[in-house]
Amino acid sequence: MYHKHIVYDRETKDFAMYLDHELVGYARTYLEAEVTLDQLVYELLASGHFPQAA
């Protein structure tokens with residue numbers, strides 16, 4: 001499964017969104033970041049992109 005992580009960035013006052021330890025963007029709220037990451041993972045899975053086994 002994909003690893004999602006959301007971190008508040010004090011400098012930008014936004015929430016940084018990470019997917020598998022890579023920055024994918026910023027959101028204004030934590031909820032917006034959660035929804036955006038969930039949508040991204042859904043789109044990746046729907047298109048056949050599955051995470052590589054480590």
# chains A, B, ... in the order shown; residues from 1 in each chain; ligands from 1
$ residues_around --residues "stretch 8-13 of chain A" --least-positions-apart "3" --cutoff "12 Å" --atoms "only C-alpha atoms" --output "list in words"
His5, Ala16, Met17, Tyr18, Gly25, Tyr26, Ala27, Arg28, Thr29, Tyr30, Leu31 and Ala33 of chain A
$ write_last_selection --atoms "N, CA, C and O atoms" --output "mmCIF file, in the first residue's frame"
data_model
loop_
_atom_site.group_PDB
_atom_site.id
_atom_site.type_symbol
_atom_site.label_atom_id
_atom_site.label_comp_id
_atom_site.auth_asym_id
_atom_site.auth_seq_id
_atom_site.Cartn_x
_atom_site.Cartn_y
_atom_site.Cartn_z
ATOM 1 N N HIS A 5 1.656 10.739 4.179
ATOM 2 C CA HIS A 5 2.124 11.485 5.344
ATOM 3 C C HIS A 5 1.799 12.966 5.124
ATOM 4 O O HIS A 5 2.030 13.495 4.037
ATOM 5 N N ALA A 16 2.110 20.055 4.061
ATOM 6 C CA ALA A 16 2.860 19.363 3.016
ATOM 7 C C ALA A 16 2.343 17.933 2.910
ATOM 8 O O ALA A 16 2.153 17.260 3.919
ATOM 9 N N MET A 17 2.120 17.489 1.683
ATOM 10 C CA MET A 17 1.607 16.142 1.447
ATOM 11 C C MET A 17 2.710 15.285 0.842
ATOM 12 O O MET A 17 3.331 15.669 -0.157
ATOM 13 N N TYR A 18 2.931 14.141 1.462
ATOM 14 C CA TYR A 18 3.959 13.210 0.985
ATOM 15 C C TYR A 18 3.307 11.880 0.639
ATOM 16 O O TYR A 18 2.429 11.406 1.354
ATOM 17 N N GLY A 25 2.795 17.902 -2.937
ATOM 18 C CA GLY A 25 2.109 19.178 -2.966
ATOM 19 C C GLY A 25 1.787 19.709 -1.586
ATOM 20 O O GLY A 25 2.214 19.160 -0.574
ATOM 21 N N TYR A 26 1.028 20.804 -1.592
ATOM 22 C CA TYR A 26 0.630 21.477 -0.354
ATOM 23 C C TYR A 26 -0.882 21.673 -0.347
ATOM 24 O O TYR A 26 -1.502 21.796 -1.398
ATOM 25 N N ALA A 27 -1.458 21.721 0.833
ATOM 26 C CA ALA A 27 -2.885 21.980 0.999
ATOM 27 C C ALA A 27 -3.066 23.023 2.099
ATOM 28 O O ALA A 27 -2.214 23.163 2.975
ATOM 29 N N ARG A 28 -4.192 23.720 2.047
ATOM 30 C CA ARG A 28 -4.449 24.771 3.048
ATOM 31 C C ARG A 28 -4.847 24.213 4.396
ATOM 32 O O ARG A 28 -4.569 24.806 5.430
ATOM 33 N N THR A 29 -5.539 23.049 4.393
ATOM 34 C CA THR A 29 -5.993 22.444 5.644
ATOM 35 C C THR A 29 -5.584 20.974 5.674
ATOM 36 O O THR A 29 -5.308 20.371 4.633
ATOM 37 N N TYR A 30 -5.610 20.399 6.868
ATOM 38 C CA TYR A 30 -5.279 18.982 7.015
ATOM 39 C C TYR A 30 -6.312 18.135 6.278
ATOM 40 O O TYR A 30 -5.956 17.177 5.582
ATOM 41 N N LEU A 31 -7.570 18.496 6.400
ATOM 42 C CA LEU A 31 -8.630 17.740 5.734
ATOM 43 C C LEU A 31 -8.469 17.780 4.214
ATOM 44 O O LEU A 31 -8.621 16.765 3.537
ATOM 45 N N ALA A 33 -5.708 18.118 2.627
ATOM 46 C CA ALA A 33 -4.555 17.267 2.318
ATOM 47 C C ALA A 33 -4.959 15.793 2.323
ATOM 48 O O ALA A 33 -4.559 15.033 1.427
#
$ residues_around --residues "A:Leu19" --least-positions-apart "3" --cutoff "12 Å" --atoms "only C-alpha atoms" --output "compact mmCIF listing (two decimals) with N, CA and C atoms, in the first residue's frame"
# COMPACT_ATOMS: atom_id res chain seq x y z
N MET A 1 0.84 -1.18 0.00
CA MET A 1 0.00 0.00 0.00
C MET A 1 0.88 1.24 0.00
N TYR A 2 0.31 2.32 -0.42
CA TYR A 2 1.06 3.59 -0.44
C TYR A 2 1.16 4.16 0.97
N HIS A 3 2.28 4.82 1.23
CA HIS A 3 2.51 5.46 2.53
C HIS A 3 2.19 6.94 2.39
N LYS A 4 1.15 7.42 3.08
CA LYS A 4 0.74 8.82 3.04
C LYS A 4 1.19 9.50 4.33
N HIS A 5 1.66 10.74 4.18
CA HIS A 5 2.12 11.48 5.34
C HIS A 5 1.80 12.97 5.12
N ILE A 6 1.27 13.61 6.16
CA ILE A 6 0.92 15.02 6.10
C ILE A 6 1.64 15.74 7.23
N VAL A 7 2.33 16.83 6.89
CA VAL A 7 3.12 17.58 7.88
C VAL A 7 2.82 19.06 7.74
N ALA A 16 2.11 20.05 4.06
CA ALA A 16 2.86 19.36 3.02
C ALA A 16 2.34 17.93 2.91
N GLU A 22 7.78 11.13 -0.86
CA GLU A 22 8.04 12.16 -1.85
C GLU A 22 6.99 13.25 -1.73
N LEU A 23 7.45 14.49 -1.72
CA LEU A 23 6.54 15.63 -1.64
C LEU A 23 5.71 15.69 -2.92
N VAL A 24 4.38 15.72 -2.76
CA VAL A 24 3.51 15.79 -3.92
C VAL A 24 2.73 17.09 -3.98
N GLY A 25 2.79 17.90 -2.94
CA GLY A 25 2.11 19.18 -2.97
C GLY A 25 1.79 19.71 -1.59
N TYR A 26 1.03 20.80 -1.59
CA TYR A 26 0.63 21.48 -0.35
C TYR A 26 -0.88 21.67 -0.35
N ALA A 33 -5.71 18.12 2.63
CA ALA A 33 -4.56 17.27 2.32
C ALA A 33 -4.96 15.79 2.32
N GLU A 34 -5.75 15.38 3.30
CA GLU A 34 -6.21 13.99 3.36
C GLU A 34 -7.02 13.61 2.13
N THR A 36 -7.07 15.07 -0.81
CA THR A 36 -6.23 15.11 -2.01
C THR A 36 -5.37 13.87 -2.13
N LEU A 37 -4.74 13.46 -1.03
CA LEU A 37 -3.92 12.24 -1.05
C LEU A 37 -4.76 11.00 -1.34
N ASP A 38 -5.95 10.93 -0.74
CA ASP A 38 -6.83 9.80 -1.00
C ASP A 38 -7.22 9.74 -2.48
N GLN A 39 -7.51 10.89 -3.08
CA GLN A 39 -7.85 10.93 -4.50
C GLN A 39 -6.67 10.50 -5.36
N LEU A 40 -5.48 10.95 -5.00
CA LEU A 40 -4.28 10.59 -5.75
C LEU A 40 -4.04 9.09 -5.71
N VAL A 41 -4.14 8.51 -4.52
CA VAL A 41 -3.95 7.06 -4.39
C VAL A 41 -5.01 6.31 -5.18
N LEU A 44 -4.10 6.44 -8.82
CA LEU A 44 -2.96 5.58 -9.11
C LEU A 44 -3.38 4.11 -9.17
N PRO A 51 2.22 0.04 -5.71
CA PRO A 51 3.53 0.28 -5.10
C PRO A 51 4.44 -0.93 -5.25
$ select_by_dssp --residues "chain A" --states "strand (DSSP E)" --output "PyMOL selection string"
chain A and resi 4-9+14-19+22-27
$ write_last_selection --atoms "N, CA and C atoms" --output "CSV table (one decimal), in the first residue's frame"
chain,number,residue,atom,x,y,z
A,4,LYS,N,1.1,7.4,3.1
A,4,LYS,CA,0.7,8.8,3.0
A,4,LYS,C,1.2,9.5,4.3
A,5,HIS,N,1.7,10.7,4.2
A,5,HIS,CA,2.1,11.5,5.3
A,5,HIS,C,1.8,13.0,5.1
A,6,ILE,N,1.3,13.6,6.2
A,6,ILE,CA,0.9,15.0,6.1
A,6,ILE,C,1.6,15.7,7.2
A,7,VAL,N,2.3,16.8,6.9
A,7,VAL,CA,3.1,17.6,7.9
A,7,VAL,C,2.8,19.1,7.7
A,8,TYR,N,2.6,19.7,8.9
A,8,TYR,CA,2.4,21.2,8.9
A,8,TYR,C,3.7,21.9,8.6
A,9,ASP,N,3.7,22.8,7.6
A,9,ASP,CA,4.9,23.5,7.3
A,9,ASP,C,4.8,24.9,7.9
A,14,ASP,N,1.1,26.0,5.4
A,14,ASP,CA,0.3,25.0,4.7
A,14,ASP,C,0.7,23.6,5.2
A,15,PHE,N,0.0,22.6,4.7
A,15,PHE,CA,0.2,21.2,5.0
A,15,PHE,C,0.9,20.5,3.8
A,16,ALA,N,2.1,20.1,4.1
A,16,ALA,CA,2.9,19.4,3.0
A,16,ALA,C,2.3,17.9,2.9
A,17,MET,N,2.1,17.5,1.7
A,17,MET,CA,1.6,16.1,1.4
A,17,MET,C,2.7,15.3,0.8
A,18,TYR,N,2.9,14.1,1.5
A,18,TYR,CA,4.0,13.2,1.0
A,18,TYR,C,3.3,11.9,0.6
A,19,LEU,N,3.7,11.3,-0.5
A,19,LEU,CA,3.3,10.0,-0.9
A,19,LEU,C,4.5,9.2,-1.1
A,22,GLU,N,7.8,11.1,-0.9
A,22,GLU,CA,8.0,12.2,-1.9
A,22,GLU,C,7.0,13.2,-1.7
A,23,LEU,N,7.4,14.5,-1.7
A,23,LEU,CA,6.5,15.6,-1.6
A,23,LEU,C,5.7,15.7,-2.9
A,24,VAL,N,4.4,15.7,-2.8
A,24,VAL,CA,3.5,15.8,-3.9
A,24,VAL,C,2.7,17.1,-4.0
A,25,GLY,N,2.8,17.9,-2.9
A,25,GLY,CA,2.1,19.2,-3.0
A,25,GLY,C,1.8,19.7,-1.6
A,26,TYR,N,1.0,20.8,-1.6
A,26,TYR,CA,0.6,21.5,-0.4
A,26,TYR,C,-0.9,21.7,-0.3
A,27,ALA,N,-1.5,21.7,0.8
A,27,ALA,CA,-2.9,22.0,1.0
A,27,ALA,C,-3.1,23.0,2.1
